[in-house]
file query-v1.tsv (TSV, N, CA and C atoms)
chain	number	residue	atom	x	y	z
A	1	MET	N	-3.40	-9.20	-6.53
A	1	MET	CA	-2.23	-8.90	-7.31
A	1	MET	C	-1.13	-8.38	-6.39
A	2	ASN	N	0.07	-8.92	-6.56
A	2	ASN	CA	1.22	-8.49	-5.77
A	2	ASN	C	2.44	-8.48	-6.67
A	3	ILE	N	3.11	-7.33	-6.75
A	3	ILE	CA	4.34	-7.18	-7.54
A	3	ILE	C	5.36	-6.51	-6.65
A	4	SER	N	6.58	-7.05	-6.60
A	4	SER	CA	7.61	-6.42	-5.77
A	4	SER	C	8.99	-6.49	-6.44
A	5	LEU	N	9.78	-5.48	-6.14
A	5	LEU	CA	11.17	-5.39	-6.58
A	5	LEU	C	12.03	-5.13	-5.35
A	6	GLN	N	13.08	-5.90	-5.20
A	6	GLN	CA	14.01	-5.68	-4.09
A	6	GLN	C	15.42	-5.64	-4.65
A	7	LEU	N	16.16	-4.64	-4.23
A	7	LEU	CA	17.54	-4.46	-4.67
A	7	LEU	C	18.46	-4.87	-3.53
A	8	ASN	N	19.57	-5.53	-3.84
A	8	ASN	CA	20.52	-5.96	-2.81
A	8	ASN	C	21.44	-4.82	-2.37
A	9	GLN	N	21.36	-3.67	-3.02
A	9	GLN	CA	22.14	-2.49	-2.66
A	9	GLN	C	21.18	-1.38	-2.23
A	10	ASP	N	21.73	-0.36	-1.61
A	10	ASP	CA	20.93	0.81	-1.24
A	10	ASP	C	20.57	1.56	-2.52
A	11	PRO	N	19.29	1.69	-2.86
A	11	PRO	CA	18.91	2.34	-4.12
A	11	PRO	C	19.20	3.84	-4.15
A	12	THR	N	19.54	4.43	-3.01
A	12	THR	CA	19.80	5.87	-2.98
A	12	THR	C	21.29	6.19	-2.96
A	13	GLY	N	22.13	5.19	-3.14
A	13	GLY	CA	23.57	5.44	-3.09
A	13	GLY	C	24.34	4.66	-4.15
A	14	LEU	N	23.89	4.71	-5.39
A	14	LEU	CA	24.52	3.96	-6.47
A	14	LEU	C	25.48	4.85	-7.24
A	15	VAL	N	26.59	4.29	-7.68
A	15	VAL	CA	27.58	5.04	-8.43
A	15	VAL	C	27.66	4.53	-9.86
A	16	PRO	N	28.02	5.40	-10.81
A	16	PRO	CA	28.16	4.96	-12.20
A	16	PRO	C	29.13	3.79	-12.32
A	17	GLY	N	28.79	2.82	-13.16
A	17	GLY	CA	29.62	1.64	-13.36
A	17	GLY	C	29.36	0.51	-12.37
A	18	GLN	N	28.57	0.77	-11.35
A	18	GLN	CA	28.29	-0.23	-10.33
A	18	GLN	C	27.36	-1.31	-10.87
A	19	VAL	N	27.62	-2.55	-10.48
A	19	VAL	CA	26.74	-3.66	-10.80
A	19	VAL	C	25.71	-3.75	-9.68
A	20	ILE	N	24.44	-3.79	-10.04
A	20	ILE	CA	23.37	-3.92	-9.06
A	20	ILE	C	22.59	-5.19	-9.36
A	21	ASP	N	22.05	-5.77	-8.31
A	21	ASP	CA	21.27	-6.98	-8.50
A	21	ASP	C	20.15	-7.03	-7.47
A	22	GLY	N	19.17	-7.87	-7.77
A	22	GLY	CA	18.04	-7.97	-6.87
A	22	GLY	C	17.09	-9.07	-7.29
A	23	VAL	N	15.87	-8.98	-6.74
A	23	VAL	CA	14.85	-10.00	-6.95
A	23	VAL	C	13.56	-9.32	-7.38
A	24	ALA	N	12.94	-9.88	-8.43
A	24	ALA	CA	11.61	-9.47	-8.87
A	24	ALA	C	10.65	-10.60	-8.56
A	25	GLU	N	9.49	-10.25	-8.01
A	25	GLU	CA	8.52	-11.28	-7.63
A	25	GLU	C	7.13	-10.78	-7.99
A	26	TRP	N	6.28	-11.70	-8.48
A	26	TRP	CA	4.93	-11.31	-8.84
A	26	TRP	C	3.94	-12.44	-8.61
A	27	ASP	N	2.72	-12.03	-8.31
A	27	ASP	CA	1.59	-12.94	-8.16
A	27	ASP	C	0.39	-12.19	-8.72
A	28	LEU	N	0.01	-12.52	-9.96
A	28	LEU	CA	-1.04	-11.82	-10.68
A	28	LEU	C	-2.31	-12.68	-10.73
A	29	GLU	N	-3.39	-12.09	-11.15
A	29	GLU	CA	-4.64	-12.84	-11.28
A	29	GLU	C	-4.58	-13.83	-12.44
A	30	ASP	N	-3.90	-13.45	-13.53
A	30	ASP	CA	-3.75	-14.31	-14.71
A	30	ASP	C	-2.31	-14.25	-15.19
A	31	ALA	N	-1.91	-15.24	-15.97
A	31	ALA	CA	-0.58	-15.22	-16.57
A	31	ALA	C	-0.49	-14.02	-17.52
A	32	PRO	N	0.57	-13.22	-17.42
A	32	PRO	CA	0.67	-12.03	-18.28
A	32	PRO	C	0.99	-12.42	-19.72
A	33	LYS	N	0.59	-11.56	-20.65
A	33	LYS	CA	0.92	-11.77	-22.06
A	33	LYS	C	2.35	-11.33	-22.36
A	34	ARG	N	2.78	-10.26	-21.68
A	34	ARG	CA	4.16	-9.76	-21.81
A	34	ARG	C	4.64	-9.33	-20.45
A	35	ALA	N	5.93	-9.54	-20.22
A	35	ALA	CA	6.54	-9.11	-18.96
A	35	ALA	C	7.98	-8.70	-19.23
A	36	ALA	N	8.39	-7.59	-18.61
A	36	ALA	CA	9.75	-7.09	-18.81
A	36	ALA	C	10.24	-6.37	-17.56
A	37	LEU	N	11.53	-6.42	-17.38
A	37	LEU	CA	12.20	-5.70	-16.30
A	37	LEU	C	13.17	-4.76	-16.99
A	38	ARG	N	13.13	-3.46	-16.64
A	38	ARG	CA	14.00	-2.53	-17.33
A	38	ARG	C	14.68	-1.55	-16.40
A	39	LEU	N	15.91	-1.20	-16.76
A	39	LEU	CA	16.68	-0.16	-16.11
A	39	LEU	C	16.63	1.05	-17.03
A	40	PHE	N	16.22	2.19	-16.50
A	40	PHE	CA	16.08	3.37	-17.35
A	40	PHE	C	16.21	4.65	-16.55
A	41	TRP	N	16.39	5.76	-17.26
A	41	TRP	CA	16.36	7.09	-16.67
A	41	TRP	C	15.26	7.89	-17.37
A	42	TYR	N	14.77	8.92	-16.69
A	42	TYR	CA	13.75	9.78	-17.29
A	42	TYR	C	13.83	11.17	-16.68
A	43	THR	N	13.36	12.14	-17.44
A	43	THR	CA	13.33	13.50	-16.93
A	43	THR	C	11.90	13.84	-16.51
A	44	ASP	N	11.82	14.75	-15.57
A	44	ASP	CA	10.54	15.19	-15.03
A	44	ASP	C	10.65	16.70	-14.83
A	45	GLY	N	9.61	17.41	-15.15
A	45	GLY	CA	9.62	18.86	-14.97
A	45	GLY	C	9.05	19.56	-16.18
A	46	ARG	N	9.55	20.75	-16.45
A	46	ARG	CA	9.06	21.55	-17.57
A	46	ARG	C	9.55	20.98	-18.90
A	47	GLY	N	8.73	21.12	-19.90
A	47	GLY	CA	9.12	20.68	-21.24
A	47	GLY	C	8.77	19.23	-21.49
A	48	THR	N	9.30	18.72	-22.57
A	48	THR	CA	9.04	17.35	-22.99
A	48	THR	C	9.82	16.37	-22.13
A	49	GLN	N	9.17	15.29	-21.73
A	49	GLN	CA	9.84	14.27	-20.93
A	49	GLN	C	10.73	13.42	-21.83
A	50	ASP	N	11.96	13.19	-21.41
A	50	ASP	CA	12.89	12.30	-22.10
A	50	ASP	C	13.02	11.01	-21.30
A	51	VAL	N	13.19	9.90	-22.02
A	51	VAL	CA	13.36	8.59	-21.39
A	51	VAL	C	14.48	7.87	-22.12
A	52	GLY	N	15.36	7.23	-21.36
A	52	GLY	CA	16.42	6.41	-21.95
A	52	GLY	C	16.44	5.04	-21.31
A	53	VAL	N	16.03	4.01	-22.06
A	53	VAL	CA	16.07	2.64	-21.54
A	53	VAL	C	17.48	2.11	-21.76
A	54	VAL	N	18.15	1.75	-20.68
A	54	VAL	CA	19.52	1.26	-20.74
A	54	VAL	C	19.55	-0.23	-21.05
A	55	GLU	N	18.68	-0.97	-20.38
A	55	GLU	CA	18.63	-2.42	-20.59
A	55	GLU	C	17.24	-2.92	-20.25
A	56	GLU	N	16.78	-3.92	-21.01
A	56	GLU	CA	15.47	-4.52	-20.76
A	56	GLU	C	15.61	-6.03	-20.83
A	57	LEU	N	15.05	-6.70	-19.84
A	57	LEU	CA	15.07	-8.16	-19.78
A	57	LEU	C	13.65	-8.69	-19.92
A	58	ALA	N	13.44	-9.61	-20.86
A	58	ALA	CA	12.13	-10.25	-20.98
A	58	ALA	C	12.00	-11.31	-19.89
A	59	LEU	N	10.80	-11.45	-19.36
A	59	LEU	CA	10.54	-12.42	-18.30
A	59	LEU	C	9.60	-13.50	-18.82
A	60	PRO	N	9.67	-14.71	-18.24
A	60	PRO	CA	8.75	-15.76	-18.67
A	60	PRO	C	7.30	-15.39	-18.32
A	61	THR	N	6.38	-15.75	-19.21
A	61	THR	CA	4.99	-15.36	-19.01
A	61	THR	C	4.05	-16.56	-19.01
A	62	THR	N	4.55	-17.72	-18.66
A	62	THR	CA	3.72	-18.92	-18.70
A	62	THR	C	2.90	-19.12	-17.43
A	63	HIS	N	3.27	-18.45	-16.35
A	63	HIS	CA	2.56	-18.61	-15.08
A	63	HIS	C	2.11	-17.26	-14.55
A	64	ARG	N	1.09	-17.25	-13.73
A	64	ARG	CA	0.60	-16.01	-13.15
A	64	ARG	C	1.48	-15.51	-12.01
A	65	ASN	N	2.34	-16.40	-11.50
A	65	ASN	CA	3.25	-15.98	-10.43
A	65	ASN	C	4.66	-16.44	-10.75
A	66	GLY	N	5.62	-15.73	-10.18
A	66	GLY	CA	7.00	-16.09	-10.43
A	66	GLY	C	7.95	-15.25	-9.60
A	67	LYS	N	9.20	-15.64	-9.66
A	67	LYS	CA	10.25	-14.95	-8.91
A	67	LYS	C	11.54	-15.15	-9.68
A	68	GLY	N	12.30	-14.09	-9.82
A	68	GLY	CA	13.56	-14.21	-10.54
A	68	GLY	C	14.55	-13.15	-10.11
A	69	THR	N	15.81	-13.46	-10.31
A	69	THR	CA	16.87	-12.50	-9.99
A	69	THR	C	17.21	-11.69	-11.23
A	70	PHE	N	17.78	-10.53	-11.01
A	70	PHE	CA	18.22	-9.68	-12.11
A	70	PHE	C	19.55	-9.04	-11.75
A	71	ARG	N	20.24	-8.58	-12.79
A	71	ARG	CA	21.54	-7.95	-12.62
A	71	ARG	C	21.71	-6.92	-13.73
A	72	PHE	N	22.03	-5.69	-13.36
A	72	PHE	CA	22.28	-4.61	-14.31
A	72	PHE	C	23.59	-3.92	-13.94
A	73	THR	N	24.21	-3.30	-14.93
A	73	THR	CA	25.36	-2.44	-14.68
A	73	THR	C	24.93	-1.01	-14.98
A	74	ILE	N	25.11	-0.13	-14.00
A	74	ILE	CA	24.76	1.28	-14.16
A	74	ILE	C	25.76	1.90	-15.14
A	75	PRO	N	25.29	2.60	-16.19
A	75	PRO	CA	26.23	3.25	-17.11
A	75	PRO	C	26.91	4.46	-16.46
A	76	THR	N	27.90	5.00	-17.13
A	76	THR	CA	28.67	6.11	-16.56
A	76	THR	C	27.89	7.43	-16.54
A	77	LEU	N	26.95	7.60	-17.43
A	77	LEU	CA	26.14	8.82	-17.49
A	77	LEU	C	24.72	8.45	-17.89
A	78	PRO	N	23.76	9.27	-17.62
A	78	PRO	CA	23.77	10.54	-16.89
A	78	PRO	C	23.64	10.33	-15.38
A	79	TYR	N	23.97	11.36	-14.64
A	79	TYR	CA	23.80	11.33	-13.19
A	79	TYR	C	22.37	11.75	-12.83
A	80	SER	N	21.91	11.30	-11.67
A	80	SER	CA	20.66	11.81	-11.12
A	80	SER	C	20.88	13.26	-10.71
A	81	PHE	N	19.93	14.13	-11.05
A	81	PHE	CA	20.05	15.51	-10.59
A	81	PHE	C	18.67	16.12	-10.40
A	82	GLN	N	18.66	17.16	-9.59
A	82	GLN	CA	17.44	17.91	-9.34
A	82	GLN	C	17.74	19.38	-9.58
A	83	GLY	N	17.03	19.96	-10.53
A	83	GLY	CA	17.18	21.38	-10.84
A	83	GLY	C	15.89	22.12	-10.59
A	84	GLN	N	15.88	23.41	-10.85
A	84	GLN	CA	14.68	24.20	-10.65
A	84	GLN	C	13.62	23.91	-11.71
A	85	LEU	N	14.05	23.57	-12.93
A	85	LEU	CA	13.10	23.34	-14.01
A	85	LEU	C	12.97	21.88	-14.42
A	86	ILE	N	13.99	21.10	-14.16
A	86	ILE	CA	13.98	19.71	-14.62
A	86	ILE	C	14.74	18.83	-13.64
A	87	THR	N	14.32	17.59	-13.55
A	87	THR	CA	14.95	16.59	-12.69
A	87	THR	C	15.20	15.35	-13.54
A	88	LEU	N	16.36	14.71	-13.34
A	88	LEU	CA	16.63	13.45	-14.00
A	88	LEU	C	16.64	12.37	-12.94
A	89	LYS	N	15.83	11.33	-13.17
A	89	LYS	CA	15.68	10.24	-12.21
A	89	LYS	C	16.02	8.91	-12.88
A	90	TRP	N	16.49	7.96	-12.08
A	90	TRP	CA	16.75	6.60	-12.52
A	90	TRP	C	15.72	5.69	-11.85
A	91	ALA	N	15.42	4.55	-12.50
A	91	ALA	CA	14.50	3.59	-11.91
A	91	ALA	C	14.68	2.21	-12.54
A	92	ILE	N	14.23	1.22	-11.80
A	92	ILE	CA	14.04	-0.13	-12.33
A	92	ILE	C	12.55	-0.36	-12.28
A	93	GLU	N	12.03	-0.93	-13.36
A	93	GLU	CA	10.59	-1.10	-13.47
A	93	GLU	C	10.28	-2.53	-13.91
A	94	LEU	N	9.31	-3.12	-13.24
A	94	LEU	CA	8.78	-4.43	-13.61
A	94	LEU	C	7.42	-4.18	-14.24
A	95	VAL	N	7.29	-4.52	-15.54
A	95	VAL	CA	6.11	-4.14	-16.31
A	95	VAL	C	5.44	-5.38	-16.88
A	96	PHE	N	4.13	-5.46	-16.70
A	96	PHE	CA	3.34	-6.55	-17.25
A	96	PHE	C	2.28	-5.98	-18.19
A	97	ASN	N	2.03	-6.69	-19.27
A	97	ASN	CA	0.94	-6.37	-20.20
A	97	ASN	C	0.98	-4.92	-20.68
A	98	LYS	N	2.15	-4.53	-21.19
A	98	LYS	CA	2.34	-3.19	-21.79
A	98	LYS	C	1.99	-2.05	-20.84
A	99	GLY	N	2.34	-2.18	-19.58
A	99	GLY	CA	2.17	-1.10	-18.62
A	99	GLY	C	0.89	-1.10	-17.83
A	100	LYS	N	0.06	-2.11	-18.00
A	100	LYS	CA	-1.18	-2.16	-17.23
A	100	LYS	C	-0.92	-2.50	-15.77
A	101	GLN	N	0.17	-3.22	-15.51
A	101	GLN	CA	0.57	-3.54	-14.15
A	101	GLN	C	2.07	-3.24	-14.05
A	102	VAL	N	2.42	-2.34	-13.12
A	102	VAL	CA	3.79	-1.85	-13.04
A	102	VAL	C	4.21	-1.72	-11.58
A	103	GLU	N	5.48	-2.05	-11.33
A	103	GLU	CA	6.11	-1.76	-10.04
A	103	GLU	C	7.42	-1.06	-10.37
A	104	ARG	N	7.66	0.08	-9.71
A	104	ARG	CA	8.86	0.87	-9.99
A	104	ARG	C	9.65	1.06	-8.71
A	105	LEU	N	10.97	0.95	-8.83
A	105	LEU	CA	11.89	1.21	-7.74
A	105	LEU	C	12.80	2.36	-8.16
A	106	ASP	N	12.67	3.51	-7.51
A	106	ASP	CA	13.49	4.67	-7.85
A	106	ASP	C	14.91	4.51	-7.33
A	107	LEU	N	15.86	5.03	-8.11
A	107	LEU	CA	17.28	4.94	-7.78
A	107	LEU	C	17.91	6.33	-7.83
A	108	ILE	N	19.00	6.51	-7.12
A	108	ILE	CA	19.82	7.71	-7.24
A	108	ILE	C	21.20	7.27	-7.67
A	109	VAL	N	21.66	7.80	-8.83
A	109	VAL	CA	22.95	7.43	-9.41
A	109	VAL	C	23.82	8.69	-9.47
A	110	SER	N	24.94	8.65	-8.78
A	110	SER	CA	25.84	9.79	-8.74
A	110	SER	C	27.21	9.36	-8.25
A	111	PRO	N	28.28	9.93	-8.78
A	111	PRO	CA	29.61	9.59	-8.27
A	111	PRO	C	29.83	10.08	-6.84
A	112	TRP	N	28.98	10.98	-6.38
A	112	TRP	CA	29.09	11.52	-5.02
A	112	TRP	C	28.12	10.83	-4.07
A	113	VAL	N	27.49	9.75	-4.50
A	113	VAL	CA	26.57	8.93	-3.71
A	113	VAL	C	25.41	9.75	-3.15
A	114	GLU	N	25.05	10.80	-3.84
A	114	GLU	CA	23.85	11.56	-3.52
A	114	GLU	C	23.42	12.32	-4.77
A	115	GLN	N	22.15	12.68	-4.82
A	115	GLN	CA	21.61	13.36	-5.97
A	115	GLN	C	22.26	14.72	-6.14
A	116	VAL	N	22.67	15.05	-7.36
A	116	VAL	CA	23.24	16.36	-7.65
A	116	VAL	C	22.12	17.38	-7.61
A	117	LYS	N	22.35	18.48	-6.89
A	117	LYS	CA	21.34	19.54	-6.82
A	117	LYS	C	21.89	20.75	-7.58
A	118	LEU	N	21.23	21.06	-8.68
A	118	LEU	CA	21.63	22.19	-9.49
A	118	LEU	C	21.06	23.47	-8.89
A	119	GLN	N	21.88	24.51	-8.85
A	119	GLN	CA	21.43	25.78	-8.31
A	119	GLN	C	21.65	26.88	-9.33
A	120	LYS	N	20.81	27.87	-9.25
A	120	LYS	CA	20.90	29.02	-10.14
A	120	LYS	C	22.17	29.80	-9.85
A	121	VAL	N	22.88	30.16	-10.91
A	121	VAL	CA	24.10	30.96	-10.77
A	121	VAL	C	23.75	32.40	-11.10
A	122	ASP	N	24.13	33.29	-10.20
A	122	ASP	CA	23.82	34.73	-10.42
A	122	ASP	C	24.86	35.38	-11.27

call {"tool": "encode", "arguments": {"input": "query-v1.tsv", "output": "structure tokens"}}
result
Amino acid sequence: MNISLQLNQDPTGLVPGQVIDGVAEWDLEDAPKRAALRLFWYTDGRGTQDVGVVEELALPTTHRNGKGTFRFTIPTLPYSFQGQLITLKWAIELVFNKGKQVERLDLIVSPWVEQVKLQKVD
């Protein structure tokens, strides 16, 4: 099994509103029943995890292997940030068979082209 995602831009320097594109490629043991590529953000840290799927593309599932291009537009909000209690991350994920086979590419989205670091105010 081989699953890969490649982005034509630097995944750590994306700005809101930017169009991103890349290539998804897979070689599985069997043809998948379901396949999707999604752009989303999620929180990590204390409390309940939140997830926001911005866009999802269905992929053909007739063959066990394939290759295709994708294109997404990053929305204006939310920005990637890292705080003491919670972190918000962006990612593109290639998912087969309801999450049994997954490849994820982490992204950083910020108007300052770097992750916002929240600090405690005294």

call {"tool": "residues_around", "arguments": {"input": "query-v1.tsv", "residues": "range 101-115 of chain A", "least_positions_apart": "6", "cutoff": "5 Å", "atoms": "only N, CA and C atoms", "output": "list in words"}}
result
Pro11, Thr12, Gly13, Leu14, Val15, Pro16, Tyr79, Ser80, Trp90, Ala91, Ile92, Glu93, Leu94 and Val95 of chain A

call {"tool": "closest_residue", "arguments": {"input": "query-v1.tsv", "among": "A:Gln6, A:Gln119, A:Lys100, A:Leu85", "to": "Thr48 in chain A", "atoms": "only C-alpha atoms"}}
result
A:Leu85

call {"tool": "atom_distance", "arguments": {"input": "query-v1.tsv", "atom1": "CA of Ala24 in chain A", "atom2": "CA of Gly45 in chain A"}}
result
29.0 Å

call {"tool": "residues_around", "arguments": {"input": "query-v1.tsv", "residues": "Gly17 in chain A", "least_positions_apart": "2", "cutoff": "6 Å", "atoms": "only C-alpha atoms", "output": "list in words"}}
result
Ile74, Pro75 and Thr76 of chain A

call {"tool": "write_last_selection", "arguments": {"input": "query-v1.tsv", "atoms": "N, CA and C atoms", "output": "tab-separated table (two decimals), keeping the file's coordinate frame"}}
result
chain	number	residue	atom	x	y	z
A	74	ILE	N	25.11	-0.13	-14.00
A	74	ILE	CA	24.76	1.28	-14.16
A	74	ILE	C	25.76	1.90	-15.14
A	75	PRO	N	25.29	2.60	-16.19
A	75	PRO	CA	26.23	3.25	-17.11
A	75	PRO	C	26.91	4.46	-16.46
A	76	THR	N	27.90	5.00	-17.13
A	76	THR	CA	28.67	6.11	-16.56
A	76	THR	C	27.89	7.43	-16.54

call {"tool": "closest_residue", "arguments": {"input": "query-v1.tsv", "among": "A:Gln18, A:Met1, A:Gln82, A:Leu28", "to": "Asn65 in chain A", "atoms": "all atoms listed in the file"}}
result
A:Leu28

call {"tool": "select_by_dssp", "arguments": {"input": "query-v1.tsv", "residues": "chain A", "states": "strand (DSSP E or B)", "output": "MDAnalysis selection string"}}
result
chainID A and resid 2:7 14 19:27 35:45 51:58 65:73 81:82 86:96 101:107 109 116:117

call {"tool": "decode", "arguments": {"input": "query-v1.tsv", "residues": "range 54-65 of chain A", "atoms": "N, CA, C and O atoms", "output": "PDB file, in the first residue's frame"}}
result
ATOM      1  N   VAL A  54     -13.647  22.268   5.046  1.00  0.00           N
ATOM      2  CA  VAL A  54     -13.871  23.393   4.149  1.00  0.00           C
ATOM      3  C   VAL A  54     -14.345  22.907   2.784  1.00  0.00           C
ATOM      4  O   VAL A  54     -15.270  23.459   2.204  1.00  0.00           O
ATOM      5  N   GLU A  55     -13.702  21.864   2.284  1.00  0.00           N
ATOM      6  CA  GLU A  55     -14.067  21.317   0.981  1.00  0.00           C
ATOM      7  C   GLU A  55     -13.676  19.853   0.921  1.00  0.00           C
ATOM      8  O   GLU A  55     -12.646  19.456   1.464  1.00  0.00           O
ATOM      9  N   GLU A  56     -14.510  19.058   0.246  1.00  0.00           N
ATOM     10  CA  GLU A  56     -14.228  17.634   0.082  1.00  0.00           C
ATOM     11  C   GLU A  56     -14.479  17.252  -1.370  1.00  0.00           C
ATOM     12  O   GLU A  56     -15.509  17.616  -1.940  1.00  0.00           O
ATOM     13  N   LEU A  57     -13.527  16.533  -1.948  1.00  0.00           N
ATOM     14  CA  LEU A  57     -13.637  16.064  -3.327  1.00  0.00           C
ATOM     15  C   LEU A  57     -13.722  14.551  -3.331  1.00  0.00           C
ATOM     16  O   LEU A  57     -12.878  13.882  -2.740  1.00  0.00           O
ATOM     17  N   ALA A  58     -14.739  14.007  -3.996  1.00  0.00           N
ATOM     18  CA  ALA A  58     -14.834  12.557  -4.153  1.00  0.00           C
ATOM     19  C   ALA A  58     -13.866  12.117  -5.241  1.00  0.00           C
ATOM     20  O   ALA A  58     -13.663  12.825  -6.233  1.00  0.00           O
ATOM     21  N   LEU A  59     -13.261  10.960  -5.051  1.00  0.00           N
ATOM     22  CA  LEU A  59     -12.298  10.427  -6.015  1.00  0.00           C
ATOM     23  C   LEU A  59     -12.864   9.161  -6.646  1.00  0.00           C
ATOM     24  O   LEU A  59     -13.641   8.443  -6.017  1.00  0.00           O
ATOM     25  N   PRO A  60     -12.429   8.838  -7.874  1.00  0.00           N
ATOM     26  CA  PRO A  60     -12.900   7.603  -8.500  1.00  0.00           C
ATOM     27  C   PRO A  60     -12.403   6.382  -7.721  1.00  0.00           C
ATOM     28  O   PRO A  60     -11.283   6.377  -7.219  1.00  0.00           O
ATOM     29  N   THR A  61     -13.245   5.363  -7.640  1.00  0.00           N
ATOM     30  CA  THR A  61     -12.897   4.187  -6.842  1.00  0.00           C
ATOM     31  C   THR A  61     -12.956   2.895  -7.657  1.00  0.00           C
ATOM     32  O   THR A  61     -13.150   1.820  -7.108  1.00  0.00           O
ATOM     33  N   THR A  62     -12.787   2.998  -8.948  1.00  0.00           N
ATOM     34  CA  THR A  62     -12.896   1.809  -9.789  1.00  0.00           C
ATOM     35  C   THR A  62     -11.596   1.012  -9.879  1.00  0.00           C
ATOM     36  O   THR A  62     -11.616  -0.145 -10.282  1.00  0.00           O
ATOM     37  N   HIS A  63     -10.478   1.630  -9.520  1.00  0.00           N
ATOM     38  CA  HIS A  63      -9.186   0.949  -9.606  1.00  0.00           C
ATOM     39  C   HIS A  63      -8.470   1.006  -8.265  1.00  0.00           C
ATOM     40  O   HIS A  63      -8.692   1.907  -7.474  1.00  0.00           O
ATOM     41  N   ARG A  64      -7.577   0.076  -8.037  1.00  0.00           N
ATOM     42  CA  ARG A  64      -6.815   0.055  -6.787  1.00  0.00           C
ATOM     43  C   ARG A  64      -5.702   1.095  -6.767  1.00  0.00           C
ATOM     44  O   ARG A  64      -5.166   1.426  -5.724  1.00  0.00           O
ATOM     45  N   ASN A  65      -5.366   1.623  -7.949  1.00  0.00           N
ATOM     46  CA  ASN A  65      -4.334   2.657  -7.994  1.00  0.00           C
ATOM     47  C   ASN A  65      -4.814   3.819  -8.846  1.00  0.00           C
ATOM     48  O   ASN A  65      -5.690   3.679  -9.691  1.00  0.00           O
TER      49      ASN A  65
END
